[in-house]
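One structure is given here, and the rest of the page talks about it.
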Amino acid sequence: SLEFDFLGKDSIRYFNTVQVEESVYKAIGDFKKSKRDGQDLFDKLDTTKLNAHLKAIMPGLTAKVFRTYNASVTLDKLLESTVGIIVPEKIASYQTANKEV
């Protein structure tokens with residue numbers, strides 16, 4: 001598994017442990033070999049290069065579009081499991097789900 005712990009957009013901490021295939025784990029390990037603690041792991045990747053790669057896969061696809069799509073799908077799944085009948089309960093469920101996205 002890989003553990004992610006970094007400050008994301010708006011300096012909001014992202015902390016998550018995910019299961020990955022062994023090849024991914026080894027690739028990340030190879031990236032880390034030449035890095036010091038606290039140094040950016042993907043320092044040679046920028047949004048221009050990433051967006052060019054994504055557009056080659058699907059015209060119009062950008063990192064921003066991908067993030068928005070992923071957040072929308074994730075929020076939708078979380079909202080499917082919300083509880084509450086009255087409006088304040090629904091609002092609380094939405095706010096909790098939205099924070100997880």
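In the structure tokens, chains take the letters A, B, ... in the order shown, each chain's residues start at 1, and ligands count up from 1 in the order shown.
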What lies within 9 Å of region 68-74 of chain A using only C-alpha atoms, ignoring chain neighbours under 2 positions off, as a PyMOL selection string?
-> chain A and resi 63-66+76-79+97-98+100-101
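The residue set within 8 Å of Leu50 (chain A), counting only C-alpha atoms and dropping same-chain residues fewer than 4 places from it, reads Leu45, Asp46, Leu54, Thr62 and Ala63 of chain A.
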Expected file: the selected residues, N, CA, C and O atoms, as a JSON list (two decimals), in the first residue's frame:
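result02.json was written with the following content:
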```
[["chain", "number", "residue", "atom", "x", "y", "z"],
["A", 45, "LEU", "N", 7.12, 16.71, -13.60],
["A", 45, "LEU", "CA", 5.79, 16.74, -14.21],
["A", 45, "LEU", "C", 5.12, 18.07, -13.89],
["A", 45, "LEU", "O", 5.09, 18.49, -12.75],
["A", 46, "ASP", "N", 4.63, 18.74, -14.92],
["A", 46, "ASP", "CA", 3.87, 19.97, -14.70],
["A", 46, "ASP", "C", 2.53, 19.85, -15.42],
["A", 46, "ASP", "O", 2.29, 18.91, -16.17],
["A", 54, "LEU", "N", -3.08, 13.94, -21.35],
["A", 54, "LEU", "CA", -4.51, 13.63, -21.22],
["A", 54, "LEU", "C", -5.27, 13.94, -22.51],
["A", 54, "LEU", "O", -6.15, 13.17, -22.91],
["A", 62, "THR", "N", -8.56, 17.49, -19.55],
["A", 62, "THR", "CA", -7.50, 18.19, -18.84],
["A", 62, "THR", "C", -7.48, 17.70, -17.40],
["A", 62, "THR", "O", -8.41, 17.01, -16.95],
["A", 63, "ALA", "N", -6.45, 18.05, -16.66],
["A", 63, "ALA", "CA", -6.37, 17.68, -15.25],
["A", 63, "ALA", "C", -7.56, 18.24, -14.48],
["A", 63, "ALA", "O", -8.14, 17.57, -13.63]]
```
Please measure the separation of CA of Val24 (chain A) and CA of Asp40 (chain A), giving the value in Å to one decimal.
-> 17.6 Å
Can you tell me how far CA of Ala27 (chain A) sits from CA of Glu3 (chain A), in Å to one decimal?
-> 14.3 Å
Mind checking DSSP for chain A and telling me the alpha helix (DSSP H) residues as a ChimeraX atom specification?
-> /A:22-33,47-57,63-80,87-100
Near-Ser93 (chain A) list (7 Å; only C-alpha atoms; drop same-chain fewer than 4 positions) as a PyMOL selection string = chain A and resi 82-83+89+97
Quote the spacing between CA of Phe4 (chain A) and CA of Thr47 (chain A) in Å to one decimal place.
-> 19.7 Å
Excluding Glu22 (chain A) and residues on its chain fewer than 5 positions from it, collect all residues at most 12 Å away from it, counting only C-alpha atoms, and give them as an MDAnalysis selection string.
-> chainID A and resid 1:2 27:29
Using N, CA, C and O atoms, can you export the residues from the last selection as an mmCIF file, in the first residue's frame?
```
data_model
loop_
_atom_site.group_PDB
_atom_site.id
_atom_site.type_symbol
_atom_site.label_atom_id
_atom_site.label_comp_id
_atom_site.auth_asym_id
_atom_site.auth_seq_id
_atom_site.Cartn_x
_atom_site.Cartn_y
_atom_site.Cartn_z
ATOM 1 N N SER A 1 0.837 -1.186 0.000
ATOM 2 C CA SER A 1 0.000 0.000 0.000
ATOM 3 C C SER A 1 0.880 1.246 0.000
ATOM 4 O O SER A 1 2.030 1.205 0.418
ATOM 5 N N LEU A 2 0.329 2.332 -0.488
ATOM 6 C CA LEU A 2 1.010 3.622 -0.507
ATOM 7 C C LEU A 2 0.263 4.576 0.412
ATOM 8 O O LEU A 2 -0.968 4.601 0.424
ATOM 9 N N ALA A 27 7.429 1.225 -8.904
ATOM 10 C CA ALA A 27 7.708 2.443 -9.675
ATOM 11 C C ALA A 27 7.829 3.647 -8.749
ATOM 12 O O ALA A 27 8.743 4.470 -8.900
ATOM 13 N N ILE A 28 6.937 3.750 -7.790
ATOM 14 C CA ILE A 28 7.012 4.852 -6.825
ATOM 15 C C ILE A 28 8.292 4.750 -6.008
ATOM 16 O O ILE A 28 8.965 5.753 -5.738
ATOM 17 N N GLY A 29 8.655 3.529 -5.633
ATOM 18 C CA GLY A 29 9.915 3.322 -4.912
ATOM 19 C C GLY A 29 11.112 3.782 -5.721
ATOM 20 O O GLY A 29 12.041 4.389 -5.179
#
```
Identify, with DSSP run on backbone atoms, the residues in chain A assigned to strand (DSSP E), and express the list as an NGL selection string.
-> :A and (2-7 or 13-18)
Could you turn the residues from that selection into a file that holds N, CA and C atoms, as a compact mmCIF listing (two decimals), in the first residue's frame?
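The new file out-v4.txt reads:
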```txt
# COMPACT_ATOMS: atom_id res chain seq x y z
N LEU A 2 0.33 2.33 -0.49
CA LEU A 2 1.01 3.62 -0.51
C LEU A 2 0.26 4.58 0.41
N GLU A 3 1.00 5.36 1.16
CA GLU A 3 0.41 6.36 2.03
C GLU A 3 0.69 7.75 1.45
N PHE A 4 -0.38 8.50 1.23
CA PHE A 4 -0.27 9.86 0.72
C PHE A 4 -0.57 10.82 1.87
N ASP A 5 0.29 11.80 2.05
CA ASP A 5 0.10 12.79 3.10
C ASP A 5 0.73 14.09 2.61
N PHE A 6 -0.11 15.00 2.14
CA PHE A 6 0.41 16.26 1.59
C PHE A 6 -0.67 17.33 1.66
N LEU A 7 -0.25 18.57 1.48
CA LEU A 7 -1.19 19.68 1.42
C LEU A 7 -1.65 19.83 -0.02
N ARG A 13 -5.17 19.40 3.93
CA ARG A 13 -4.37 18.17 4.04
C ARG A 13 -5.09 17.00 3.38
N TYR A 14 -4.32 16.26 2.58
CA TYR A 14 -4.80 15.02 1.99
C TYR A 14 -4.04 13.90 2.65
N PHE A 15 -4.75 12.98 3.27
CA PHE A 15 -4.12 11.83 3.89
C PHE A 15 -4.94 10.61 3.52
N ASN A 16 -4.29 9.63 2.89
CA ASN A 16 -5.00 8.44 2.45
C ASN A 16 -4.00 7.32 2.23
N THR A 17 -4.40 6.12 2.55
CA THR A 17 -3.60 4.93 2.26
C THR A 17 -4.37 4.12 1.24
N VAL A 18 -3.72 3.77 0.14
CA VAL A 18 -4.38 3.05 -0.93
C VAL A 18 -3.61 1.79 -1.29
```
Quick one: of A:Ile86, A:Arg67, A:Lys44, A:Leu75, who's nearest to Phe31 (chain A), counting only C-alpha atoms?
-> A:Lys44
